[in-house]
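Peer 1: Next comes work.pdb, PDB, C-alpha atoms:
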```pdb
ATOM      1  CA  MET A   7      -8.751  -8.449   2.765  1.00  0.00           C
ATOM      2  CA  ALA A   8      -8.925  -4.921   4.174  1.00  0.00           C
ATOM      3  CA  MET A   9      -6.644  -3.599   1.438  1.00  0.00           C
ATOM      4  CA  VAL A  10      -9.284  -4.579  -1.151  1.00  0.00           C
ATOM      5  CA  ASN A  11     -11.848  -2.191   0.354  1.00  0.00           C
ATOM      6  CA  PRO A  12     -10.306  -0.126   3.180  1.00  0.00           C
ATOM      7  CA  THR A  13     -13.259   2.243   3.413  1.00  0.00           C
ATOM      8  CA  MET A  14     -15.483  -0.600   4.578  1.00  0.00           C
ATOM      9  CA  ILE A  15     -13.025  -3.104   6.022  1.00  0.00           C
ATOM     10  CA  ARG A  16     -10.771  -2.775   9.017  1.00  0.00           C
ATOM     11  CA  ALA A  17      -8.393  -5.663   9.690  1.00  0.00           C
ATOM     12  CA  GLU A  18      -6.836  -5.481  13.108  1.00  0.00           C
ATOM     13  CA  ALA A  19      -4.164  -7.777  14.521  1.00  0.00           C
ATOM     14  CA  VAL A  20      -4.700  -7.723  18.289  1.00  0.00           C
ATOM     15  CA  ASP A  21      -2.063  -8.855  20.756  1.00  0.00           C
ATOM     16  CA  ALA A  22      -4.119 -11.170  22.980  1.00  0.00           C
ATOM     17  CA  MET A  23      -1.696 -10.758  25.908  1.00  0.00           C
ATOM     18  CA  GLU A  24      -1.816  -6.964  25.922  1.00  0.00           C
ATOM     19  CA  PHE A  25      -5.599  -6.798  25.715  1.00  0.00           C
ATOM     20  CA  PRO A  26      -6.748  -9.574  28.082  1.00  0.00           C
ATOM     21  CA  GLU A  27     -10.228  -8.100  28.630  1.00  0.00           C
ATOM     22  CA  LEU A  28     -10.936  -8.184  24.929  1.00  0.00           C
ATOM     23  CA  SER A  29      -9.526 -11.707  24.689  1.00  0.00           C
ATOM     24  CA  GLN A  30     -11.815 -12.794  27.536  1.00  0.00           C
ATOM     25  CA  GLN A  31     -14.811 -11.088  25.965  1.00  0.00           C
ATOM     26  CA  PHE A  32     -14.350 -13.164  22.806  1.00  0.00           C
ATOM     27  CA  ARG A  33     -13.198 -16.264  24.700  1.00  0.00           C
ATOM     28  CA  VAL A  34      -9.851 -16.455  22.972  1.00  0.00           C
ATOM     29  CA  GLN A  35      -8.165 -19.677  24.063  1.00  0.00           C
ATOM     30  CA  GLY A  36      -5.803 -20.253  21.190  1.00  0.00           C
ATOM     31  CA  VAL A  37      -4.308 -18.175  18.421  1.00  0.00           C
ATOM     32  CA  PRO A  38      -4.958 -17.182  15.790  1.00  0.00           C
ATOM     33  CA  GLN A  39      -8.613 -16.507  16.445  1.00  0.00           C
ATOM     34  CA  THR A  40     -10.541 -14.232  14.132  1.00  0.00           C
ATOM     35  CA  VAL A  41     -13.444 -12.222  15.515  1.00  0.00           C
ATOM     36  CA  ILE A  42     -15.837 -10.882  12.891  1.00  0.00           C
ATOM     37  CA  GLU A  43     -17.911  -7.775  13.657  1.00  0.00           C
ATOM     38  CA  ALA A  44     -17.393  -7.866  17.424  1.00  0.00           C
ATOM     39  CA  GLY A  45     -18.407 -11.505  17.812  1.00  0.00           C
ATOM     40  CA  LYS A  46     -21.057 -12.038  15.120  1.00  0.00           C
ATOM     41  CA  GLY A  47     -18.670 -14.630  13.779  1.00  0.00           C
ATOM     42  CA  ILE A  48     -15.641 -16.404  15.223  1.00  0.00           C
ATOM     43  CA  VAL A  49     -13.053 -18.459  13.400  1.00  0.00           C
ATOM     44  CA  VAL A  50     -10.694 -20.511  15.530  1.00  0.00           C
ATOM     45  CA  GLY A  51      -7.291 -21.347  14.102  1.00  0.00           C
ATOM     46  CA  ALA A  52      -5.766 -20.659  10.729  1.00  0.00           C
ATOM     47  CA  VAL A  53      -8.255 -21.517   7.982  1.00  0.00           C
ATOM     48  CA  GLY A  54      -8.282 -21.261   4.223  1.00  0.00           C
ATOM     49  CA  GLU A  55      -9.623 -18.313   2.284  1.00  0.00           C
ATOM     50  CA  ALA A  56     -12.873 -20.046   1.268  1.00  0.00           C
ATOM     51  CA  GLN A  57     -13.770 -20.971   4.843  1.00  0.00           C
ATOM     52  CA  MET A  58     -12.959 -17.482   6.104  1.00  0.00           C
ATOM     53  CA  LEU A  59     -15.095 -15.934   3.376  1.00  0.00           C
ATOM     54  CA  ALA A  60     -18.002 -18.265   4.175  1.00  0.00           C
ATOM     55  CA  GLU A  61     -17.863 -17.354   7.870  1.00  0.00           C
ATOM     56  CA  ILE A  62     -17.709 -13.615   7.082  1.00  0.00           C
ATOM     57  CA  LYS A  63     -20.739 -13.923   4.812  1.00  0.00           C
ATOM     58  CA  ARG A  64     -22.652 -15.862   7.476  1.00  0.00           C
ATOM     59  CA  ALA A  65     -21.743 -13.350  10.205  1.00  0.00           C
ATOM     60  CA  MET A  66     -22.758 -10.377   8.102  1.00  0.00           C
ATOM     61  CA  GLN A  67     -26.197 -11.802   7.433  1.00  0.00           C
ATOM     62  CA  ASN A  68     -27.005 -11.773  11.147  1.00  0.00           C
TER      63      ASN A  68
ATOM     64  CA  MET B   2      19.128   4.334  23.799  1.00  0.00           C
ATOM     65  CA  GLU B   3      20.026   0.772  22.928  1.00  0.00           C
ATOM     66  CA  LYS B   4      18.709  -0.422  19.556  1.00  0.00           C
ATOM     67  CA  LEU B   5      15.853  -2.928  19.527  1.00  0.00           C
ATOM     68  CA  LEU B   6      16.746  -4.298  16.093  1.00  0.00           C
ATOM     69  CA  ASN B   7      20.185  -5.811  15.704  1.00  0.00           C
ATOM     70  CA  GLU B   8      22.313  -5.462  12.557  1.00  0.00           C
ATOM     71  CA  GLN B   9      21.295  -8.856  11.229  1.00  0.00           C
ATOM     72  CA  VAL B  10      17.570  -8.062  11.469  1.00  0.00           C
ATOM     73  CA  VAL B  11      18.112  -4.620   9.907  1.00  0.00           C
ATOM     74  CA  GLY B  12      19.950  -6.344   7.026  1.00  0.00           C
ATOM     75  CA  GLN B  13      17.069  -8.782   6.490  1.00  0.00           C
ATOM     76  CA  ILE B  14      14.488  -5.984   6.469  1.00  0.00           C
ATOM     77  CA  LYS B  15      16.612  -3.930   4.082  1.00  0.00           C
ATOM     78  CA  GLN B  16      16.676  -6.879   1.698  1.00  0.00           C
ATOM     79  CA  ALA B  17      12.910  -7.469   2.028  1.00  0.00           C
ATOM     80  CA  PHE B  18      12.290  -3.756   1.380  1.00  0.00           C
ATOM     81  CA  ASN B  19      13.949  -4.114  -2.049  1.00  0.00           C
ATOM     82  CA  ASP B  20      10.423  -5.124  -3.125  1.00  0.00           C
ATOM     83  CA  LEU B  21       8.908  -1.789  -2.058  1.00  0.00           C
ATOM     84  CA  THR B  22       7.173  -0.014  -4.926  1.00  0.00           C
ATOM     85  CA  ASN B  23       5.089   2.945  -3.730  1.00  0.00           C
ATOM     86  CA  PRO B  24       5.716   5.022  -0.594  1.00  0.00           C
ATOM     87  CA  VAL B  25       4.129   3.810   2.625  1.00  0.00           C
ATOM     88  CA  GLN B  26       3.285   5.777   5.730  1.00  0.00           C
ATOM     89  CA  VAL B  27       3.057   4.067   9.075  1.00  0.00           C
ATOM     90  CA  LEU B  28       1.024   5.892  11.704  1.00  0.00           C
ATOM     91  CA  PHE B  29       1.799   5.195  15.336  1.00  0.00           C
ATOM     92  CA  PHE B  30      -0.740   6.029  18.032  1.00  0.00           C
ATOM     93  CA  GLY B  31       0.413   6.010  21.626  1.00  0.00           C
ATOM     94  CA  SER B  32      -0.715   7.436  24.919  1.00  0.00           C
ATOM     95  CA  LYS B  33       0.999   8.952  27.907  1.00  0.00           C
ATOM     96  CA  GLU B  34      -1.205   6.969  30.244  1.00  0.00           C
ATOM     97  CA  ASN B  35      -1.586   3.253  30.855  1.00  0.00           C
ATOM     98  CA  CYS B  36       0.474   2.096  27.935  1.00  0.00           C
ATOM     99  CA  GLU B  37       3.181  -0.344  28.913  1.00  0.00           C
ATOM    100  CA  TYR B  38       4.431  -1.037  25.401  1.00  0.00           C
ATOM    101  CA  CYS B  39       3.983   2.348  23.699  1.00  0.00           C
ATOM    102  CA  GLY B  40       7.601   3.443  24.129  1.00  0.00           C
ATOM    103  CA  GLU B  41       9.043   0.201  22.835  1.00  0.00           C
ATOM    104  CA  THR B  42       6.631   0.052  19.897  1.00  0.00           C
ATOM    105  CA  GLN B  43       7.424   3.636  18.893  1.00  0.00           C
ATOM    106  CA  GLN B  44      11.164   2.949  19.072  1.00  0.00           C
ATOM    107  CA  MET B  45      10.793  -0.230  17.013  1.00  0.00           C
ATOM    108  CA  LEU B  46       8.851   1.634  14.308  1.00  0.00           C
ATOM    109  CA  THR B  47      11.376   4.464  14.318  1.00  0.00           C
ATOM    110  CA  GLU B  48      14.186   1.974  13.696  1.00  0.00           C
ATOM    111  CA  VAL B  49      12.208   0.264  10.897  1.00  0.00           C
ATOM    112  CA  SER B  50      11.348   3.580   9.211  1.00  0.00           C
ATOM    113  CA  GLU B  51      15.038   4.545   9.161  1.00  0.00           C
ATOM    114  CA  ILE B  52      15.848   1.522   6.992  1.00  0.00           C
ATOM    115  CA  ASP B  53      14.234   2.737   3.770  1.00  0.00           C
ATOM    116  CA  PRO B  54      13.360   6.273   2.595  1.00  0.00           C
ATOM    117  CA  ARG B  55      10.152   5.020   0.944  1.00  0.00           C
ATOM    118  CA  LEU B  56       8.792   4.363   4.409  1.00  0.00           C
ATOM    119  CA  THR B  57       7.738   7.273   6.621  1.00  0.00           C
ATOM    120  CA  LEU B  58       6.516   7.252  10.195  1.00  0.00           C
ATOM    121  CA  SER B  59       4.202   9.710  11.905  1.00  0.00           C
ATOM    122  CA  ILE B  60       3.715   9.758  15.671  1.00  0.00           C
ATOM    123  CA  HIS B  61       0.342  10.528  17.220  1.00  0.00           C
ATOM    124  CA  ASP B  62      -1.384  10.471  20.582  1.00  0.00           C
ATOM    125  CA  LEU B  63      -4.748   8.736  21.015  1.00  0.00           C
ATOM    126  CA  GLN B  64      -6.101  11.503  23.264  1.00  0.00           C
ATOM    127  CA  GLU B  65      -4.422  14.592  21.774  1.00  0.00           C
ATOM    128  CA  ASP B  66      -5.060  13.528  18.183  1.00  0.00           C
ATOM    129  CA  ALA B  67      -8.506  12.074  18.838  1.00  0.00           C
ATOM    130  CA  ALA B  68      -9.955  13.200  15.491  1.00  0.00           C
ATOM    131  CA  LEU B  69      -7.161  11.524  13.541  1.00  0.00           C
ATOM    132  CA  ALA B  70      -7.498   8.378  15.641  1.00  0.00           C
ATOM    133  CA  ALA B  71     -11.236   8.294  14.866  1.00  0.00           C
ATOM    134  CA  GLN B  72     -10.527   8.816  11.170  1.00  0.00           C
ATOM    135  CA  TYR B  73      -8.240   5.798  11.185  1.00  0.00           C
ATOM    136  CA  ARG B  74     -10.579   3.794  13.463  1.00  0.00           C
ATOM    137  CA  VAL B  75      -7.980   3.508  16.216  1.00  0.00           C
ATOM    138  CA  ASP B  76      -9.400   2.837  19.696  1.00  0.00           C
ATOM    139  CA  LYS B  77      -6.567   1.290  21.687  1.00  0.00           C
ATOM    140  CA  VAL B  78      -2.821   1.752  22.151  1.00  0.00           C
ATOM    141  CA  PRO B  79      -0.200   1.108  21.045  1.00  0.00           C
ATOM    142  CA  ALA B  80      -1.696   1.087  17.549  1.00  0.00           C
ATOM    143  CA  ILE B  81       0.000   0.918  14.177  1.00  0.00           C
ATOM    144  CA  VAL B  82      -1.850   1.865  11.001  1.00  0.00           C
ATOM    145  CA  ILE B  83      -0.496   1.099   7.553  1.00  0.00           C
ATOM    146  CA  ALA B  84      -1.284   3.680   4.887  1.00  0.00           C
ATOM    147  CA  THR B  85      -0.123   4.437   1.380  1.00  0.00           C
ATOM    148  CA  LYS B  86       1.319   7.827   0.492  1.00  0.00           C
ATOM    149  CA  GLU B  87       1.043   9.692  -2.778  1.00  0.00           C
ATOM    150  CA  GLY B  88       2.659  13.084  -2.404  1.00  0.00           C
ATOM    151  CA  ASP B  89       0.820  14.588   0.560  1.00  0.00           C
ATOM    152  CA  LYS B  90      -2.150  12.262   0.204  1.00  0.00           C
ATOM    153  CA  VAL B  91      -2.234   9.540   2.836  1.00  0.00           C
ATOM    154  CA  THR B  92      -4.676   6.670   2.296  1.00  0.00           C
ATOM    155  CA  ASP B  93      -5.595   4.138   4.962  1.00  0.00           C
ATOM    156  CA  THR B  94      -5.177   0.507   3.863  1.00  0.00           C
ATOM    157  CA  GLY B  95      -7.514  -0.694   6.623  1.00  0.00           C
ATOM    158  CA  VAL B  96      -4.700  -2.748   8.138  1.00  0.00           C
ATOM    159  CA  GLN B  97      -3.710  -2.075  11.708  1.00  0.00           C
ATOM    160  CA  PHE B  98      -1.996  -3.628  14.709  1.00  0.00           C
ATOM    161  CA  SER B  99      -3.083  -3.238  18.310  1.00  0.00           C
ATOM    162  CA  GLY B 100      -0.228  -4.021  20.662  1.00  0.00           C
ATOM    163  CA  ILE B 101       3.486  -4.365  20.149  1.00  0.00           C
ATOM    164  CA  PRO B 102       4.343  -6.353  16.998  1.00  0.00           C
ATOM    165  CA  ALA B 103       6.946  -8.583  18.617  1.00  0.00           C
ATOM    166  CA  GLY B 104       8.089 -12.031  17.557  1.00  0.00           C
ATOM    167  CA  TYR B 105       6.148 -13.510  14.666  1.00  0.00           C
ATOM    168  CA  GLU B 106       3.939 -10.414  14.433  1.00  0.00           C
ATOM    169  CA  PHE B 107       7.004  -8.398  13.487  1.00  0.00           C
ATOM    170  CA  SER B 108       7.338 -10.389  10.234  1.00  0.00           C
ATOM    171  CA  THR B 109       3.627  -9.845   9.624  1.00  0.00           C
ATOM    172  CA  LEU B 110       4.116  -6.094  10.006  1.00  0.00           C
ATOM    173  CA  ILE B 111       7.046  -6.050   7.561  1.00  0.00           C
ATOM    174  CA  ASN B 112       5.065  -8.177   5.075  1.00  0.00           C
ATOM    175  CA  ASP B 113       1.998  -5.932   5.358  1.00  0.00           C
ATOM    176  CA  ILE B 114       4.155  -2.857   4.673  1.00  0.00           C
ATOM    177  CA  ILE B 115       5.507  -4.540   1.522  1.00  0.00           C
ATOM    178  CA  LEU B 116       2.006  -5.632   0.395  1.00  0.00           C
ATOM    179  CA  ALA B 117       0.653  -2.110   0.884  1.00  0.00           C
ATOM    180  CA  SER B 118       3.558  -0.704  -1.107  1.00  0.00           C
ATOM    181  CA  LYS B 119       3.075  -3.114  -3.985  1.00  0.00           C
ATOM    182  CA  GLY B 120      -0.714  -2.786  -3.861  1.00  0.00           C
ATOM    183  CA  THR B 121      -1.221  -6.443  -4.608  1.00  0.00           C
ATOM    184  CA  VAL B 122      -3.412  -8.934  -2.793  1.00  0.00           C
ATOM    185  CA  GLY B 123      -3.334 -12.688  -3.234  1.00  0.00           C
ATOM    186  CA  LEU B 124      -7.054 -13.397  -3.009  1.00  0.00           C
ATOM    187  CA  GLY B 125      -9.366 -15.341  -5.280  1.00  0.00           C
ATOM    188  CA  ALA B 126     -11.992 -13.787  -7.558  1.00  0.00           C
ATOM    189  CA  ALA B 127     -14.974 -14.761  -5.382  1.00  0.00           C
ATOM    190  CA  THR B 128     -13.402 -13.171  -2.308  1.00  0.00           C
ATOM    191  CA  LEU B 129     -12.460  -9.996  -4.169  1.00  0.00           C
ATOM    192  CA  GLU B 130     -15.936  -9.636  -5.610  1.00  0.00           C
ATOM    193  CA  PHE B 131     -17.612 -10.020  -2.217  1.00  0.00           C
ATOM    194  CA  LEU B 132     -15.258  -7.641  -0.403  1.00  0.00           C
ATOM    195  CA  GLN B 133     -15.448  -4.967  -3.094  1.00  0.00           C
ATOM    196  CA  SER B 134     -19.243  -5.026  -3.076  1.00  0.00           C
ATOM    197  CA  LEU B 135     -19.632  -4.586   0.699  1.00  0.00           C
ATOM    198  CA  THR B 136     -22.097  -1.866   1.575  1.00  0.00           C
ATOM    199  CA  LYS B 137     -21.649  -1.997   5.342  1.00  0.00           C
ATOM    200  CA  PRO B 138     -18.537  -1.910   7.508  1.00  0.00           C
ATOM    201  CA  LEU B 139     -16.674  -5.111   8.311  1.00  0.00           C
ATOM    202  CA  HIS B 140     -14.348  -5.298  11.301  1.00  0.00           C
ATOM    203  CA  LEU B 141     -12.003  -8.275  11.449  1.00  0.00           C
ATOM    204  CA  GLN B 142      -9.937  -8.773  14.587  1.00  0.00           C
ATOM    205  CA  VAL B 143      -7.281 -11.445  14.490  1.00  0.00           C
ATOM    206  CA  PHE B 144      -6.091 -12.295  17.979  1.00  0.00           C
ATOM    207  CA  VAL B 145      -2.447 -13.276  18.054  1.00  0.00           C
ATOM    208  CA  THR B 146       0.362 -13.725  20.527  1.00  0.00           C
ATOM    209  CA  PRO B 147       3.942 -12.557  20.063  1.00  0.00           C
ATOM    210  CA  THR B 148       5.515 -16.009  20.196  1.00  0.00           C
TER     211      THR B 148
END
```
Take the structure in this file and express it as structure tokens.
Peer 2:
Amino acid sequence: MAMVNPTMIRAEAVDAMEFPELSQQFRVQGVPQTVIEAGKGIVVGAVGEAQMLAEIKRAMQN
Amino acid sequence: MEKLLNEQVVGQIKQAFNDLTNPVQVLFFGSKENCEYCGETQQMLTEVSEIDPRLTLSIHDLQEDAALAAQYRVDKVPAIVIATKEGDKVTDTGVQFSGIPAGYEFSTLINDIILASKGTVGLGAATLEFLQSLTKPLHLQVFVTPT
């Protein structure tokens, strides 16, 4: 997704074990968990493209 | 120093890198302080970058190269940024890793390098349209574990 518009989008794979404070902040209990805009949206587990897009849209409206 | 990648893994990466199209630059950001996995991550990337000449690696320090880190939106270490390279022009792909890419994440790293090199994304039209029309920044953090 980031590659489509790298000026605006930053996609970061975070090692949950190495950054436990961040994992706690976003209540990561299982992986993968996607955090959108520092918690405006959270997607637990691996989901399809349509669901991810819907959650991103919802999070960015807030 | 003992190699992190064994011959079999190097062979597999070499084969996967047959698909590389355009040059890719990987930027590593480390720190001299409080970074348990910086050394290992840097060594891993060095070994990967030696596999194919189309892949280059640059080594940076989060504190000493603070301006560059800010440019690439890096705020923790170890960090890996994937960029494309055209001559001297380096362009951020927006894809980065925070933490050592061990285990399954290592395959993700190799795949992301190949995707960046080919410049192709496998997303649907609706997704592409939305992402391309974004007018404010979007930060996606995917929490993963090495196993």
Peer 1: So which residues get picked by the ChimeraX specification (/A :<10) & /B here, written as a PDB file with C-alpha atoms, in the frame of the given file?
Peer 2:
```
ATOM      1  CA  CYS B  36       0.474   2.096  27.935  1.00  0.00           C
ATOM      2  CA  GLU B  37       3.181  -0.344  28.913  1.00  0.00           C
ATOM      3  CA  TYR B  38       4.431  -1.037  25.401  1.00  0.00           C
ATOM      4  CA  TYR B  73      -8.240   5.798  11.185  1.00  0.00           C
ATOM      5  CA  ARG B  74     -10.579   3.794  13.463  1.00  0.00           C
ATOM      6  CA  VAL B  75      -7.980   3.508  16.216  1.00  0.00           C
ATOM      7  CA  LYS B  77      -6.567   1.290  21.687  1.00  0.00           C
ATOM      8  CA  VAL B  78      -2.821   1.752  22.151  1.00  0.00           C
ATOM      9  CA  PRO B  79      -0.200   1.108  21.045  1.00  0.00           C
ATOM     10  CA  ALA B  80      -1.696   1.087  17.549  1.00  0.00           C
ATOM     11  CA  ILE B  81       0.000   0.918  14.177  1.00  0.00           C
ATOM     12  CA  VAL B  82      -1.850   1.865  11.001  1.00  0.00           C
ATOM     13  CA  ILE B  83      -0.496   1.099   7.553  1.00  0.00           C
ATOM     14  CA  ALA B  84      -1.284   3.680   4.887  1.00  0.00           C
ATOM     15  CA  THR B  92      -4.676   6.670   2.296  1.00  0.00           C
ATOM     16  CA  ASP B  93      -5.595   4.138   4.962  1.00  0.00           C
ATOM     17  CA  THR B  94      -5.177   0.507   3.863  1.00  0.00           C
ATOM     18  CA  GLY B  95      -7.514  -0.694   6.623  1.00  0.00           C
ATOM     19  CA  VAL B  96      -4.700  -2.748   8.138  1.00  0.00           C
ATOM     20  CA  GLN B  97      -3.710  -2.075  11.708  1.00  0.00           C
ATOM     21  CA  PHE B  98      -1.996  -3.628  14.709  1.00  0.00           C
ATOM     22  CA  SER B  99      -3.083  -3.238  18.310  1.00  0.00           C
ATOM     23  CA  GLY B 100      -0.228  -4.021  20.662  1.00  0.00           C
ATOM     24  CA  ILE B 101       3.486  -4.365  20.149  1.00  0.00           C
ATOM     25  CA  PRO B 102       4.343  -6.353  16.998  1.00  0.00           C
ATOM     26  CA  ALA B 103       6.946  -8.583  18.617  1.00  0.00           C
ATOM     27  CA  GLU B 106       3.939 -10.414  14.433  1.00  0.00           C
ATOM     28  CA  THR B 109       3.627  -9.845   9.624  1.00  0.00           C
ATOM     29  CA  LEU B 110       4.116  -6.094  10.006  1.00  0.00           C
ATOM     30  CA  ASP B 113       1.998  -5.932   5.358  1.00  0.00           C
ATOM     31  CA  LEU B 116       2.006  -5.632   0.395  1.00  0.00           C
ATOM     32  CA  ALA B 117       0.653  -2.110   0.884  1.00  0.00           C
ATOM     33  CA  GLY B 120      -0.714  -2.786  -3.861  1.00  0.00           C
ATOM     34  CA  THR B 121      -1.221  -6.443  -4.608  1.00  0.00           C
ATOM     35  CA  VAL B 122      -3.412  -8.934  -2.793  1.00  0.00           C
ATOM     36  CA  GLY B 123      -3.334 -12.688  -3.234  1.00  0.00           C
ATOM     37  CA  LEU B 124      -7.054 -13.397  -3.009  1.00  0.00           C
ATOM     38  CA  GLY B 125      -9.366 -15.341  -5.280  1.00  0.00           C
ATOM     39  CA  ALA B 127     -14.974 -14.761  -5.382  1.00  0.00           C
ATOM     40  CA  THR B 128     -13.402 -13.171  -2.308  1.00  0.00           C
ATOM     41  CA  LEU B 129     -12.460  -9.996  -4.169  1.00  0.00           C
ATOM     42  CA  GLU B 130     -15.936  -9.636  -5.610  1.00  0.00           C
ATOM     43  CA  PHE B 131     -17.612 -10.020  -2.217  1.00  0.00           C
ATOM     44  CA  LEU B 132     -15.258  -7.641  -0.403  1.00  0.00           C
ATOM     45  CA  GLN B 133     -15.448  -4.967  -3.094  1.00  0.00           C
ATOM     46  CA  SER B 134     -19.243  -5.026  -3.076  1.00  0.00           C
ATOM     47  CA  LEU B 135     -19.632  -4.586   0.699  1.00  0.00           C
ATOM     48  CA  THR B 136     -22.097  -1.866   1.575  1.00  0.00           C
ATOM     49  CA  LYS B 137     -21.649  -1.997   5.342  1.00  0.00           C
ATOM     50  CA  PRO B 138     -18.537  -1.910   7.508  1.00  0.00           C
ATOM     51  CA  LEU B 139     -16.674  -5.111   8.311  1.00  0.00           C
ATOM     52  CA  HIS B 140     -14.348  -5.298  11.301  1.00  0.00           C
ATOM     53  CA  LEU B 141     -12.003  -8.275  11.449  1.00  0.00           C
ATOM     54  CA  GLN B 142      -9.937  -8.773  14.587  1.00  0.00           C
ATOM     55  CA  VAL B 143      -7.281 -11.445  14.490  1.00  0.00           C
ATOM     56  CA  PHE B 144      -6.091 -12.295  17.979  1.00  0.00           C
ATOM     57  CA  VAL B 145      -2.447 -13.276  18.054  1.00  0.00           C
ATOM     58  CA  THR B 146       0.362 -13.725  20.527  1.00  0.00           C
ATOM     59  CA  PRO B 147       3.942 -12.557  20.063  1.00  0.00           C
TER      60      PRO B 147
END
```
Peer 1: Hey, can you check how far atom CA of Glu48 of chain B sits from atom CA of Asn7 of chain B?
Peer 2: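 According to the coordinates, atom CA of Glu48 of chain B and atom CA of Asn7 of chain B are separated by 10.0 Å.
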Peer 1: What is the atom CA of Met2 of chain B-atom CA of Ala70 of chain B distance in Å, reported with one decimal?
Peer 2: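 The value is 28.1 Å.
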Peer 1: Distance atom CA of Asn19 of chain B-atom CA of Leu6 of chain B, one decimal place?
Peer 2: 18.4 Å
Peer 1: Taking all atoms of segment 57-65 of chain A that the file lists, what box with edges along x, y and z, padded by 5 Å per side, do you get, with centre and edge lengths in Å to one decimal, as JSON?
Peer 2:
```
{"center_x": -17.8, "center_y": -17.2, "center_z": 6.8, "size_x": 19.7, "size_y": 17.6, "size_z": 16.8}
```
Peer 1: Given the PyMOL selection byres ((chain B and resi 32) around 8) and the file above, list the residues it selects as a list in words.
Peer 2: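 Checking the PyMOL selection byres ((chain B and resi 32) around 8) against this file, the residues are Phe30, Gly31, Lys33, Glu34, Asn35, Cys36, Cys39, Asp62, Leu63, Gln64, Val78 and Pro79 of chain B.
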Peer 1: Measuring between all atoms listed in the file, which one of B:Asp53, B:Asp76, B:Glu3, B:Glu41 shows the shortest distance to Leu21 of chain B?
Peer 2: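 For Leu21 of chain B, the nearest of the candidates is B:Asp53.
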Peer 1: Restricting the calculation to only C-alpha atoms, which member of B:Leu28, B:Leu5, B:Ala126, B:Ala67 is positioned closest to Gln44 of chain B?
Peer 2: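 That would be B:Leu5, the residue with the smallest distance to Gln44 of chain B.
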Peer 1: Restricting the calculation to only C-alpha atoms, which member of B:Asp20, B:Tyr105, B:Val91, B:Gln26 is positioned closest to Val49 of chain B?
Peer 2: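 Selected residue with least distance to Val49 of chain B: B:Gln26.
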